[in-house]
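In what follows, a single structure is set out as structure tokens and then discussed.
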Amino acid sequence: MMLANDPNLITAPYEVGHSIFRTMLFIRHVEERLASEYQKQNMRCPMHLCIGQEAVAAAVSQCLSVKDEVFSGHRAHGHYLAKGGSLTSLVAEMYGLPSGCSKGRGGSMHLTDLQVGFVASTPIVGGTIPVATGAAWAASLKGEDKIVAVYFGDGCFEEGVIHESLNFAALHKLPIVFICENNNYSVYTKLQTRQPQRTIASVAHAHGIESASGDGNDALECYDLASEAVEAVRAGRGPRFLEFSTHRVLEHCGPNDDEQLGYRAPGELERWLRKCPIKDLRERLVSNGLLDAIELQEIETSILHEIQEVFEFVHVQSKMQLQQPEHSAYA
Amino acid sequence: MMLANDPNLITAPYEVGHSIFRTMLFIRHVEERLASEYQKQNMRCPMHLCIGQEAVAAAVSQCLSVKDEVFSGHRAHGHYLAKGGSLTSLVAEMYGLPSGCSKGRGGSMHLTDLQVGFVASTPIVGGTIPVATGAAWAASLKGEDKIVAVYFGDGCFEEGVIHESLNFAALHKLPIVFICENNNYSVYTKLQTRQPQRTIASVAHAHGIESASGDGNDALECYDLASEAVEAVRAGRGPRFLEFSTHRVLEHCGPNDDEQLGYRAPGELERWLRKCPIKDLRERLVSNGLLDAIELQEIETSILHEIQEVFEFVHVQSKMQLQQPEHSAYA
Amino acid sequence: MHKISQRTITQAQAIREALDHQLTQDESVILIGEGVPDPKGIFGTTLGLQEKHGRKRVFDMPLSENGMTGICIGASLSGLKPVLVHQRLDFALLSMDQLINNAAKWHYMFGGQSSVPIVVRVIVGRGWGQGPQHSQSLQALFSHIPGLKVVMPVFPEDSRAMLVSAIQDKNPVIFIEHRWLHGLTGPVKEQIETTRLNKARVVREGNHLTLVATSYMVIEGLKAADALSAHGVDVEVLDLRCTSDIDQEAIIGSVNKTGLLIVADTGHLSLGISAEIIALATQHCFSKLSKAPERVACPSYPASTSAAQLEDYYPTAQHVASAVFKLKSDISEATQCEILRCLSPSGPIDVPSVDYAGPF
Amino acid sequence: MHKISQRTITQAQAIREALDHQLTQDESVILIGEGVPDPKGIFGTTLGLQEKHGRKRVFDMPLSENGMTGICIGASLSGLKPVLVHQRLDFALLSMDQLINNAAKWHYMFGGQSSVPIVVRVIVGRGWGQGPQHSQSLQALFSHIPGLKVVMPVFPEDSRAMLVSAIQDKNPVIFIEHRWLHGLTGPVKEQIETTRLNKARVVREGNHLTLVATSYMVIEGLKAADALSAHGVDVEVLDLRCTSDIDQEAIIGSVNKTGLLIVADTGHLSLGISAEIIALATQHCFSKLSKAPERVACPSYPASTSAAQLEDYYPTAQHVASAVFKLKSDISEATQCEILRCLSPSGPIDVPSVDYAGPF
Ligand SMILES: Cc1ncc(C[n+]2csc(CCOP(=O)(O)OP(=O)(O)O)c2C)c(N)n1
Ligand SMILES: Cc1ncc(C[n+]2csc(CCOP(=O)(O)OP(=O)(O)O)c2C)c(N)n1
Ligand SMILES: [Mg+2]
Ligand SMILES: [Mg+2]
């Protein structure tokens, strides 16, 4: 039985919890499948998986509409999928096929699906932050009823351009949510080696942007913070900044574990594995009576089925002689 | 008679008040002479005068020793002179002579006098901020007993590189004082058109750097803040940030008034002219019995005499056929 | 009878007309830059435009060159056509990341689904002590990057047409102005026209020698050509206009006719525009070239502030003429002296004209 | 009898030796870069150096490329000799302001009173889907800037000598590594040596044709030269080494001997290193050149991620050989086919060798 002040009590609507759970699970399974397929060397590009970090993308996207625009960086699969980006186009892109979302030109690190408002991810750290800010500026100038969300890591906060972007967004009260997934690492380097003692959100706040921090592995907390922020931004109250603590479970780049490298603090990975956002939400949904074993099985099955179909389809495509697009750097 | 809580009561030691006053007056007279000489078109380079902003440089330098290092930007005459930079080398540099502080290669915007620790000023806004930070880093790595001070304007705070530098300085607890002379304008553009509602110092503070703000036209307040900051930095307590409000009295670039352009708020210039830092300190020194009319006259005379001699000397030099230095971009 | 327009305006005014026209004609065009709406209006090129087109079309900006470039890229992806202005090319070096990694590549790297129609106006400073950090003419850097279009306008009417076409272009265009051309006057029709950006223009015909020049060097080249023609040497002068997609056809055509080539560029010589043009001409006109091409450009060190130290720095009409003398060995020494004498600068070398009084 | 050293190491190991040596020999040397002390140690080039030389000499850093460049400049003015590392050249585009406006000009613009002895190691990525933003070979950009020295090391022993000399150089040196050369092995003496940075090296002598190559293209060029020599064509291969202060003497000497020139570069063709070399050779060897020089380089669009779309992108030994065929018209078609066949790549084109498994 749940009490009103039980931290596990779910107050979000039924569909919200379910939808976020399904999105996280979908991302997780896609990432796991990518990891296992990667070994076959058909996907010949650097790949930054987000296993362990699914909650933020799932929760934020839950608050966005299809015409809202999303930007991201190198670790973008989750953001892309949560926004509704086509899995087929993603997998084809990883295979380097002309049918990929960027016609095979970008691989894992250059995703786009304009139809669902996932505008772009690129791997120069910080590169999309001002671009997203510019998209929000255009929306504001044109009086369009849409907002922009841009995801980035803790490392990105060290790039000067993010401060330039925060300044401009605050100055022009732009409709944008800046979302920092602070996983404490930039590749193998700990936050404390790169940034002084203070929170990232506090710097954003000082730039004149309302900011909040939360547990990035607690999907419903992410949702609460994101929905509050998105609502404020949509209401024209200027930009917001969200910082979520989380942890990357696999290696920085590639399909493998890397605990053997020993760069994490002892017990750090284990502690985070126990805080798996999917397990956490599943248990809470179950204990709130919002999910049962049969439903869960159904969800799993349908996700795995969809993924299986996509991979099969793309694999077949990869054996065909597809017409390569023409090379021109100019429109 | 002064009361203990009279705001005009001077608590700083006699020599400090005197020295700051003399430095300010010296800078003012140099700038005025440069402005009048400029019309003769012998000094053929862009020139950013600091009339009205002399207090910060004079007060900060009062706290620095000769081995401390100073960096600045385009509006650097005051910083250079206050640190003890050679007036002859400055004027020769403005004349474009090989005897100038940068051998005529830099003009007003590229000052250096390594003997007195004025390392460099350059006119790419923000350009010297990381360089100064690097000098502080070197001092720290080498365990040298010196600190660094870097001056910049409010406009500079919009450049990403300053945030990168603040982050690094805070992270490594570097011996550096960042000094922002906030004169509310970047060329003709008001602060409010460029930055959101928040103070510059608060952003620096959020970066993890102890920060303070003060009246940049109150030389003794500048001195109090600067000496506190310099002492802390010298004691190894990491970087400090100071923001001073002030006002540029002449045009952004060049020797003239520009009130006719009408970009200032009505009455703004007048209000600041009334707050002239030199007049202010003079009156307070006098009312505290620390300066009398005869002394003042002596100071004025000696300053004007020195300046006159330098200008005459450089003018003579400029008529001589000096050997031009060889051109090589490489050491 | 058709009345010929006698309207004469400066390049700066022509640029302003292009901006005004585009802001009027195309509501997706916006204009932004540090100082754009200020009392000096970017050397007069943006004066009054904010008053006329409003604060939602014409903007000042924070000093955040890289960020603002990315912001303009983002706005362009959303259907706007931003024109971003830097008072000096040197400041744009802060934005090389966004220009090269994003603007230049966006169209290609996302498979051609979108493009980045921005114009970045950068101004090459010169004279009155601009010095090392305010006078770089780095067209070679931008022009090496696939995906960027780089143009260097010279004459007022052509500058206006080039800017209109640059704004309407679907790709990022780096529009490199030269401070000493802003004051250049010329006849400019009322009627606004467009132009092809990647075509060189023959601005003086001649049969003896081909001079390909960029930006302000077109003016110096024409001076030299004038002086030479008085002595029977007819130099064909090409205004290159576009330094990224170099007009091979025009160059090859002219060099095949004259057999002699000089390239005059405002940038550094080594690895500059002149190298590419000489390489192209050598590869395509090898048998027609009667002598090795010459190049006239800036040396391999920064520009000093001091005018005295710039005496051998900026190439002039005299340098162009000297290059001609190397290639046309039939010009007598007396004639050479005569030509150089008549080309010697009259006033101070650090201003484009005696009455030049800034802003710098 | 003198015993010849048989020690063979990779270029990455040789680079590590240079760093280790300099950190040991000169206490003013410091090493900094994102990932320098991490478990992968910049592709092995910095492994163990923090452990050995301590945390006050060897550093990780925040992702602040422009700031960190300025910080290293400042440190160098105070007597340190920083080596700054970027895992990709593309990231250094964020620091063009500090490199061009400050590092390159400091010595000159302050009248020669100080200099900026920093080394910036940048790595050109290639293959395994590096794609548009992780594979740019932009030596032409840096090399155009007076005040920067730009070198592209190839062979292990030479790379070590070049890095030692770069660190000891008083000027800023851009040290451009190629990811596909890190694994290149070669004999390397125990004894550390220095070298002159601005000299090209003849790495294969020949009389029929001069090939000037940069970076990884030296390897492809040597492959082509091997295949050609089996058919009686002797190509002289020059490893250019320094792309900023190009070794005219070496190039002129070789071209005067062979009369034929090919330039092979890892960067984009237009306005690239090859243009400058062809311009130089044309200007200095005009009468000795029997045919127009050829160039072999990357086309004018970004690199795709997909290997399939890179098939015609990166120049190979085959492209070099094809250029040779254009210049040496006496090679029969059958021989040409034979040569191209023996030069055709055996494995996948997006890895330097079949067993290549990253890090990328
Ligand atoms: C400008 C730039 N510098 C360095 C890199 C190399 N790099 C790729 S991802 C990464 C780590 C970024 O860390 P963070 O922003 O925290 O994201 P995370 O990988 O943790 O998700 C680095 C340094 C890069 N891609 N771009
Ligand atoms: C990177 C860069 N952008 C633009 C400029 C042009 N510029 C020179 S001074 C200046 C104003 C700077 O304002 P601030 O930093 O407040 O200094 P102030 O002039 O008020 O002393 C500008 C925009 C420049 N020199 N460098
Ligand atoms: Mg991280
Ligand atoms: Mg200011």
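Labels for the structure tokens follow display order: chains A, B, ..., residues from 1 in each chain, ligands from 1.
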
Quick one: residues within 7 Å of stretch 130-142 of chain C, only C-alpha atoms counted, chain neighbours fewer than 5 positions away excluded, as a PDB file with all heavy atoms, in the first residue's frame?
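Output contents, as saved in selection.pdb:
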```pdb
ATOM      1  N   CYS B  45      46.998  56.039 -35.616  1.00  0.00           N
ATOM      2  CA  CYS B  45      46.473  54.725 -35.231  1.00  0.00           C
ATOM      3  C   CYS B  45      45.202  54.918 -34.411  1.00  0.00           C
ATOM      4  O   CYS B  45      45.021  55.971 -33.803  1.00  0.00           O
ATOM      5  CB  CYS B  45      47.513  53.921 -34.435  1.00  0.00           C
ATOM      6  SG  CYS B  45      47.971  54.656 -32.863  1.00  0.00           S
ATOM      7  N   PRO B  46      44.337  53.921 -34.404  1.00  0.00           N
ATOM      8  CA  PRO B  46      43.150  54.015 -33.558  1.00  0.00           C
ATOM      9  C   PRO B  46      43.583  54.158 -32.098  1.00  0.00           C
ATOM     10  O   PRO B  46      44.607  53.604 -31.692  1.00  0.00           O
ATOM     11  CB  PRO B  46      42.442  52.675 -33.768  1.00  0.00           C
ATOM     12  CG  PRO B  46      43.028  52.089 -35.010  1.00  0.00           C
ATOM     13  CD  PRO B  46      44.417  52.632 -35.114  1.00  0.00           C
ATOM     14  N   ARG B 105      55.048  48.623 -34.006  1.00  0.00           N
ATOM     15  CA  ARG B 105      54.231  47.617 -34.700  1.00  0.00           C
ATOM     16  C   ARG B 105      52.801  47.552 -34.200  1.00  0.00           C
ATOM     17  O   ARG B 105      51.951  46.932 -34.809  1.00  0.00           O
ATOM     18  CB  ARG B 105      54.880  46.259 -34.537  1.00  0.00           C
ATOM     19  CG  ARG B 105      56.101  46.232 -35.408  1.00  0.00           C
ATOM     20  CD  ARG B 105      56.685  44.898 -35.562  1.00  0.00           C
ATOM     21  NE  ARG B 105      57.738  45.003 -36.549  1.00  0.00           N
ATOM     22  CZ  ARG B 105      58.813  44.251 -36.572  1.00  0.00           C
ATOM     23  NH1 ARG B 105      58.965  43.326 -35.639  1.00  0.00           N
ATOM     24  NH2 ARG B 105      59.707  44.397 -37.502  1.00  0.00           N
ATOM     25  N   GLY B 106      52.567  48.139 -33.009  1.00  0.00           N
ATOM     26  CA  GLY B 106      51.253  47.935 -32.425  1.00  0.00           C
ATOM     27  C   GLY B 106      50.431  49.192 -32.210  1.00  0.00           C
ATOM     28  O   GLY B 106      49.208  49.120 -32.207  1.00  0.00           O
ATOM     29  N   ILE B 124      41.818  42.486 -29.870  1.00  0.00           N
ATOM     30  CA  ILE B 124      40.735  41.539 -30.115  1.00  0.00           C
ATOM     31  C   ILE B 124      40.041  41.383 -28.767  1.00  0.00           C
ATOM     32  O   ILE B 124      40.664  40.895 -27.806  1.00  0.00           O
ATOM     33  CB  ILE B 124      41.282  40.175 -30.600  1.00  0.00           C
ATOM     34  CG1 ILE B 124      41.991  40.305 -31.945  1.00  0.00           C
ATOM     35  CG2 ILE B 124      40.154  39.140 -30.665  1.00  0.00           C
ATOM     36  CD1 ILE B 124      41.100  40.621 -33.121  1.00  0.00           C
TER      37      ILE B 124
ATOM     38  N   ARG C  88      35.440  43.689 -38.622  1.00  0.00           N
ATOM     39  CA  ARG C  88      36.742  43.271 -39.121  1.00  0.00           C
ATOM     40  C   ARG C  88      36.713  41.768 -39.374  1.00  0.00           C
ATOM     41  O   ARG C  88      36.154  41.017 -38.564  1.00  0.00           O
ATOM     42  CB  ARG C  88      37.856  43.537 -38.096  1.00  0.00           C
ATOM     43  CG  ARG C  88      38.269  44.967 -37.962  1.00  0.00           C
ATOM     44  CD  ARG C  88      39.062  45.456 -39.160  1.00  0.00           C
ATOM     45  NE  ARG C  88      39.355  46.875 -39.070  1.00  0.00           N
ATOM     46  CZ  ARG C  88      38.516  47.846 -39.456  1.00  0.00           C
ATOM     47  NH1 ARG C  88      37.335  47.551 -39.980  1.00  0.00           N
ATOM     48  NH2 ARG C  88      38.861  49.108 -39.342  1.00  0.00           N
ATOM     49  N   LEU C  89      37.378  41.383 -40.458  1.00  0.00           N
ATOM     50  CA  LEU C  89      37.516  39.957 -40.743  1.00  0.00           C
ATOM     51  C   LEU C  89      38.165  39.240 -39.564  1.00  0.00           C
ATOM     52  O   LEU C  89      37.802  38.100 -39.228  1.00  0.00           O
ATOM     53  CB  LEU C  89      38.350  39.773 -42.008  1.00  0.00           C
ATOM     54  CG  LEU C  89      38.568  38.356 -42.501  1.00  0.00           C
ATOM     55  CD1 LEU C  89      38.685  38.322 -44.014  1.00  0.00           C
ATOM     56  CD2 LEU C  89      39.788  37.686 -41.882  1.00  0.00           C
ATOM     57  N   ASP C  90      39.126  39.908 -38.942  1.00  0.00           N
ATOM     58  CA  ASP C  90      39.878  39.308 -37.838  1.00  0.00           C
ATOM     59  C   ASP C  90      38.956  38.762 -36.735  1.00  0.00           C
ATOM     60  O   ASP C  90      39.290  37.788 -36.067  1.00  0.00           O
ATOM     61  CB  ASP C  90      40.819  40.346 -37.235  1.00  0.00           C
ATOM     62  CG  ASP C  90      41.539  41.150 -38.306  1.00  0.00           C
ATOM     63  OD1 ASP C  90      40.877  41.905 -39.044  1.00  0.00           O
ATOM     64  OD2 ASP C  90      42.755  41.023 -38.413  1.00  0.00           O
ATOM     65  N   VAL C 124      37.835  43.846 -44.388  1.00  0.00           N
ATOM     66  CA  VAL C 124      39.291  43.846 -44.266  1.00  0.00           C
ATOM     67  C   VAL C 124      39.729  45.271 -43.973  1.00  0.00           C
ATOM     68  O   VAL C 124      39.457  46.181 -44.758  1.00  0.00           O
ATOM     69  CB  VAL C 124      39.944  43.347 -45.567  1.00  0.00           C
ATOM     70  CG1 VAL C 124      41.468  43.478 -45.487  1.00  0.00           C
ATOM     71  CG2 VAL C 124      39.540  41.908 -45.858  1.00  0.00           C
ATOM     72  N   GLY C 125      40.370  45.462 -42.836  1.00  0.00           N
ATOM     73  CA  GLY C 125      40.841  46.790 -42.469  1.00  0.00           C
ATOM     74  C   GLY C 125      42.170  47.098 -43.141  1.00  0.00           C
ATOM     75  O   GLY C 125      42.907  46.195 -43.544  1.00  0.00           O
ATOM     76  N   LEU C 148      31.578  26.663 -48.346  1.00  0.00           N
ATOM     77  CA  LEU C 148      31.485  28.115 -48.219  1.00  0.00           C
ATOM     78  C   LEU C 148      31.651  28.730 -49.609  1.00  0.00           C
ATOM     79  O   LEU C 148      32.472  28.272 -50.397  1.00  0.00           O
ATOM     80  CB  LEU C 148      32.589  28.672 -47.303  1.00  0.00           C
ATOM     81  CG  LEU C 148      32.614  28.219 -45.849  1.00  0.00           C
ATOM     82  CD1 LEU C 148      33.778  28.883 -45.112  1.00  0.00           C
ATOM     83  CD2 LEU C 148      31.293  28.524 -45.151  1.00  0.00           C
ATOM     84  N   VAL C 150      32.831  32.282 -51.256  1.00  0.00           N
ATOM     85  CA  VAL C 150      33.583  33.450 -50.798  1.00  0.00           C
ATOM     86  C   VAL C 150      33.678  34.456 -51.939  1.00  0.00           C
ATOM     87  O   VAL C 150      34.169  34.120 -53.022  1.00  0.00           O
ATOM     88  CB  VAL C 150      35.008  33.052 -50.344  1.00  0.00           C
ATOM     89  CG1 VAL C 150      35.732  34.259 -49.761  1.00  0.00           C
ATOM     90  CG2 VAL C 150      34.952  31.911 -49.338  1.00  0.00           C
ATOM     91  N   THR C 266      45.095  40.704 -52.250  1.00  0.00           N
ATOM     92  CA  THR C 266      45.241  41.512 -51.033  1.00  0.00           C
ATOM     93  C   THR C 266      45.771  40.711 -49.834  1.00  0.00           C
ATOM     94  O   THR C 266      46.094  41.299 -48.810  1.00  0.00           O
ATOM     95  CB  THR C 266      43.881  42.120 -50.613  1.00  0.00           C
ATOM     96  OG1 THR C 266      42.943  41.047 -50.504  1.00  0.00           O
ATOM     97  CG2 THR C 266      43.392  43.137 -51.618  1.00  0.00           C
ATOM     98  N   GLY C 267      45.824  39.389 -49.962  1.00  0.00           N
ATOM     99  CA  GLY C 267      46.241  38.549 -48.832  1.00  0.00           C
ATOM    100  C   GLY C 267      47.727  38.245 -48.844  1.00  0.00           C
ATOM    101  O   GLY C 267      48.499  38.775 -49.653  1.00  0.00           O
ATOM    102  N   GLY C 272      48.254  31.509 -50.879  1.00  0.00           N
ATOM    103  CA  GLY C 272      47.127  32.407 -51.073  1.00  0.00           C
ATOM    104  C   GLY C 272      46.369  32.107 -52.352  1.00  0.00           C
ATOM    105  O   GLY C 272      46.619  31.104 -53.036  1.00  0.00           O
ATOM    106  N   ILE C 273      45.442  33.012 -52.671  1.00  0.00           N
ATOM    107  CA  ILE C 273      44.628  32.872 -53.878  1.00  0.00           C
ATOM    108  C   ILE C 273      45.517  32.795 -55.122  1.00  0.00           C
ATOM    109  O   ILE C 273      45.235  32.059 -56.065  1.00  0.00           O
ATOM    110  CB  ILE C 273      43.677  34.090 -54.001  1.00  0.00           C
ATOM    111  CG1 ILE C 273      42.804  34.230 -52.743  1.00  0.00           C
ATOM    112  CG2 ILE C 273      42.827  33.995 -55.249  1.00  0.00           C
ATOM    113  CD1 ILE C 273      41.859  33.106 -52.491  1.00  0.00           C
ATOM    114  N   PRO C 302      53.006  39.862 -40.294  1.00  0.00           N
ATOM    115  CA  PRO C 302      51.791  40.648 -40.058  1.00  0.00           C
ATOM    116  C   PRO C 302      51.977  42.105 -40.474  1.00  0.00           C
ATOM    117  O   PRO C 302      53.102  42.570 -40.658  1.00  0.00           O
ATOM    118  CB  PRO C 302      51.593  40.544 -38.534  1.00  0.00           C
ATOM    119  CG  PRO C 302      52.436  39.396 -38.088  1.00  0.00           C
ATOM    120  CD  PRO C 302      53.593  39.364 -39.035  1.00  0.00           C
ATOM    121  N   ALA C 303      50.871  42.810 -40.611  1.00  0.00           N
ATOM    122  CA  ALA C 303      50.930  44.239 -40.906  1.00  0.00           C
ATOM    123  C   ALA C 303      51.258  44.999 -39.636  1.00  0.00           C
ATOM    124  O   ALA C 303      50.673  44.770 -38.586  1.00  0.00           O
ATOM    125  CB  ALA C 303      49.591  44.711 -41.459  1.00  0.00           C
ATOM    126  N   SER C 304      52.205  45.917 -39.745  1.00  0.00           N
ATOM    127  CA  SER C 304      52.534  46.792 -38.617  1.00  0.00           C
ATOM    128  C   SER C 304      51.491  47.884 -38.477  1.00  0.00           C
ATOM    129  O   SER C 304      50.755  48.179 -39.414  1.00  0.00           O
ATOM    130  CB  SER C 304      53.869  47.500 -38.871  1.00  0.00           C
ATOM    131  OG  SER C 304      54.932  46.698 -38.482  1.00  0.00           O
ATOM    132  N   THR C 305      51.486  48.499 -37.319  1.00  0.00           N
ATOM    133  CA  THR C 305      50.694  49.706 -37.150  1.00  0.00           C
ATOM    134  C   THR C 305      51.368  50.888 -37.836  1.00  0.00           C
ATOM    135  O   THR C 305      50.725  51.673 -38.518  1.00  0.00           O
ATOM    136  CB  THR C 305      50.548  50.001 -35.643  1.00  0.00           C
ATOM    137  OG1 THR C 305      49.705  49.007 -35.094  1.00  0.00           O
ATOM    138  CG2 THR C 305      49.940  51.370 -35.415  1.00  0.00           C
TER     139      THR C 305
ATOM    140  N   ASN D 101      45.377  35.180 -34.191  1.00  0.00           N
ATOM    141  CA  ASN D 101      45.484  36.562 -33.702  1.00  0.00           C
ATOM    142  C   ASN D 101      46.573  36.721 -32.644  1.00  0.00           C
ATOM    143  O   ASN D 101      47.193  37.777 -32.569  1.00  0.00           O
ATOM    144  CB  ASN D 101      44.138  37.042 -33.147  1.00  0.00           C
ATOM    145  CG  ASN D 101      43.132  37.372 -34.249  1.00  0.00           C
ATOM    146  OD1 ASN D 101      43.504  37.842 -35.325  1.00  0.00           O
ATOM    147  ND2 ASN D 101      41.859  37.124 -33.989  1.00  0.00           N
ATOM    148  N   MET D 109      54.287  41.412 -33.307  1.00  0.00           N
ATOM    149  CA  MET D 109      53.519  42.617 -32.967  1.00  0.00           C
ATOM    150  C   MET D 109      54.004  43.316 -31.708  1.00  0.00           C
ATOM    151  O   MET D 109      53.686  44.482 -31.511  1.00  0.00           O
ATOM    152  CB  MET D 109      52.011  42.348 -32.944  1.00  0.00           C
ATOM    153  CG  MET D 109      51.454  41.597 -31.778  1.00  0.00           C
ATOM    154  SD  MET D 109      49.660  41.282 -32.083  1.00  0.00           S
ATOM    155  CE  MET D 109      49.299  40.141 -30.747  1.00  0.00           C
ATOM    156  N   LEU D 141      45.153  25.882 -44.038  1.00  0.00           N
ATOM    157  CA  LEU D 141      44.700  27.010 -43.218  1.00  0.00           C
ATOM    158  C   LEU D 141      45.823  27.515 -42.326  1.00  0.00           C
ATOM    159  O   LEU D 141      46.143  28.705 -42.314  1.00  0.00           O
ATOM    160  CB  LEU D 141      43.524  26.585 -42.332  1.00  0.00           C
ATOM    161  CG  LEU D 141      42.131  26.943 -42.824  1.00  0.00           C
ATOM    162  CD1 LEU D 141      41.869  26.330 -44.183  1.00  0.00           C
ATOM    163  CD2 LEU D 141      41.076  26.507 -41.833  1.00  0.00           C
ATOM    164  N   LEU D 271      43.102  25.445 -53.445  1.00  0.00           N
ATOM    165  CA  LEU D 271      43.776  26.317 -52.480  1.00  0.00           C
ATOM    166  C   LEU D 271      44.545  25.547 -51.412  1.00  0.00           C
ATOM    167  O   LEU D 271      44.786  26.054 -50.319  1.00  0.00           O
ATOM    168  CB  LEU D 271      42.784  27.284 -51.827  1.00  0.00           C
ATOM    169  CG  LEU D 271      42.585  28.546 -52.656  1.00  0.00           C
ATOM    170  CD1 LEU D 271      41.238  29.154 -52.400  1.00  0.00           C
ATOM    171  CD2 LEU D 271      43.692  29.531 -52.333  1.00  0.00           C
TER     172      LEU D 271
END
```

Contacts of stretch 31-91 of chain B with stretch 127-138 of chain B up to 7 Å, shortest pair per row, only C-alpha atoms, as a tab-separated table:
```
residue	atom	partner	partner_atom	distance
B:Phe71	CA	B:Ala132	CA	6.1
B:Ser72	CA	B:Thr128	CA	6.5
B:Gly73	CA	B:Thr128	CA	6.8
```

Surrounding residues as a list of chain:residue names, ligand 3, max 8 Å, only C-alpha atoms and all ligand atoms: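 Listing the residues within 8 Å of ligand 3 gives A:Gly153, A:Asp154, A:Gly155, A:Cys156, A:Glu181, A:Asn182, A:Asn183, A:Asn184, A:Tyr185, A:Ser186, A:Val187, A:Leu191, A:Arg248.
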
Generate the output file for the selected residues, C-alpha atoms, as a CSV table (one decimal), in the first residue's frame.
```csv
chain,number,residue,atom,x,y,z
A,153,GLY,CA,26.7,16.8,-21.5
A,154,ASP,CA,28.6,18.2,-18.5
A,155,GLY,CA,31.8,18.5,-20.6
A,156,CYS,CA,30.0,20.7,-23.1
A,181,GLU,CA,22.9,15.4,-18.8
A,182,ASN,CA,25.7,15.5,-16.2
A,183,ASN,CA,27.2,12.0,-16.1
A,184,ASN,CA,30.2,13.2,-14.3
A,185,TYR,CA,32.6,12.3,-17.1
A,186,SER,CA,33.9,13.7,-20.3
A,187,VAL,CA,35.3,10.6,-21.9
A,191,LEU,CA,34.1,16.5,-13.6
A,248,ARG,CA,26.9,6.3,-18.6
```

Residues of chain B within 8 Å of chain A, counting only C-alpha atoms, as JSON, numbers by chain: {"B": [158, 159, 160, 161, 162, 163, 164, 167, 168, 170, 171, 172, 193, 194, 195, 196, 197, 198, 202, 203, 206, 207, 208]}

Atom CA of D:Thr8 to atom CA of D:Leu181, straight-line distance in Å: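 Taking atom CA of D:Leu181 as the start and atom CA of D:Thr8 as the end point, the length is 14.5 Å.
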
Under the rule of at most 8 Å, produce a per-residue listing of chain D near chain C: chain, number, name, the closest pair of atoms, and the distance in Å, as CSV, using only C-alpha atoms.
```
residue,atom,partner,partner_atom,distance
D:Asp90,CA,C:Asn101,CA,7.5
D:Phe91,CA,C:Asp97,CA,7.8
D:Leu93,CA,C:Asp97,CA,4.9
D:Leu94,CA,C:Asp97,CA,4.9
D:Ser95,CA,C:Leu94,CA,7.3
D:Met96,CA,C:Leu93,CA,5.8
D:Asp97,CA,C:Leu93,CA,4.9
D:Ile100,CA,C:Leu93,CA,7.8
D:Asn101,CA,C:Gln133,CA,6.0
D:Lys105,CA,C:Pro302,CA,6.7
D:Tyr108,CA,C:Pro302,CA,7.1
D:Met109,CA,C:Pro132,CA,6.5
D:Pro132,CA,C:Met109,CA,6.5
D:Gln133,CA,C:Asn101,CA,6.0
D:Ala140,CA,C:Leu271,CA,7.0
D:Leu141,CA,C:Leu141,CA,5.3
D:Ser143,CA,C:Leu271,CA,7.2
D:His144,CA,C:Leu271,CA,5.3
D:Ile145,CA,C:Ser300,CA,7.7
D:Pro146,CA,C:Ser300,CA,5.0
D:Gly147,CA,C:Tyr301,CA,6.9
D:His268,CA,C:His144,CA,7.3
D:Ser270,CA,C:His144,CA,6.2
D:Leu271,CA,C:Glu276,CA,5.2
D:Gly272,CA,C:His144,CA,6.9
D:Ile273,CA,C:Leu271,CA,6.8
D:Ala275,CA,C:Glu276,CA,4.9
D:Glu276,CA,C:Ala275,CA,4.9
D:Ile278,CA,C:Ala279,CA,5.5
D:Ala279,CA,C:Ala275,CA,5.3
D:Thr282,CA,C:Ala292,CA,6.1
D:Gln283,CA,C:Ala292,CA,5.1
D:His284,CA,C:Ala292,CA,7.9
D:Phe286,CA,C:Ala292,CA,5.7
D:Lys291,CA,C:Phe286,CA,7.3
D:Ala292,CA,C:Gln283,CA,5.1
D:Pro293,CA,C:Gln283,CA,6.4
D:Glu294,CA,C:Gln283,CA,7.2
D:Ser300,CA,C:Pro146,CA,5.0
D:Tyr301,CA,C:Pro146,CA,5.1
D:Pro302,CA,C:Lys105,CA,6.7
D:Ser304,CA,C:Met109,CA,7.1
```
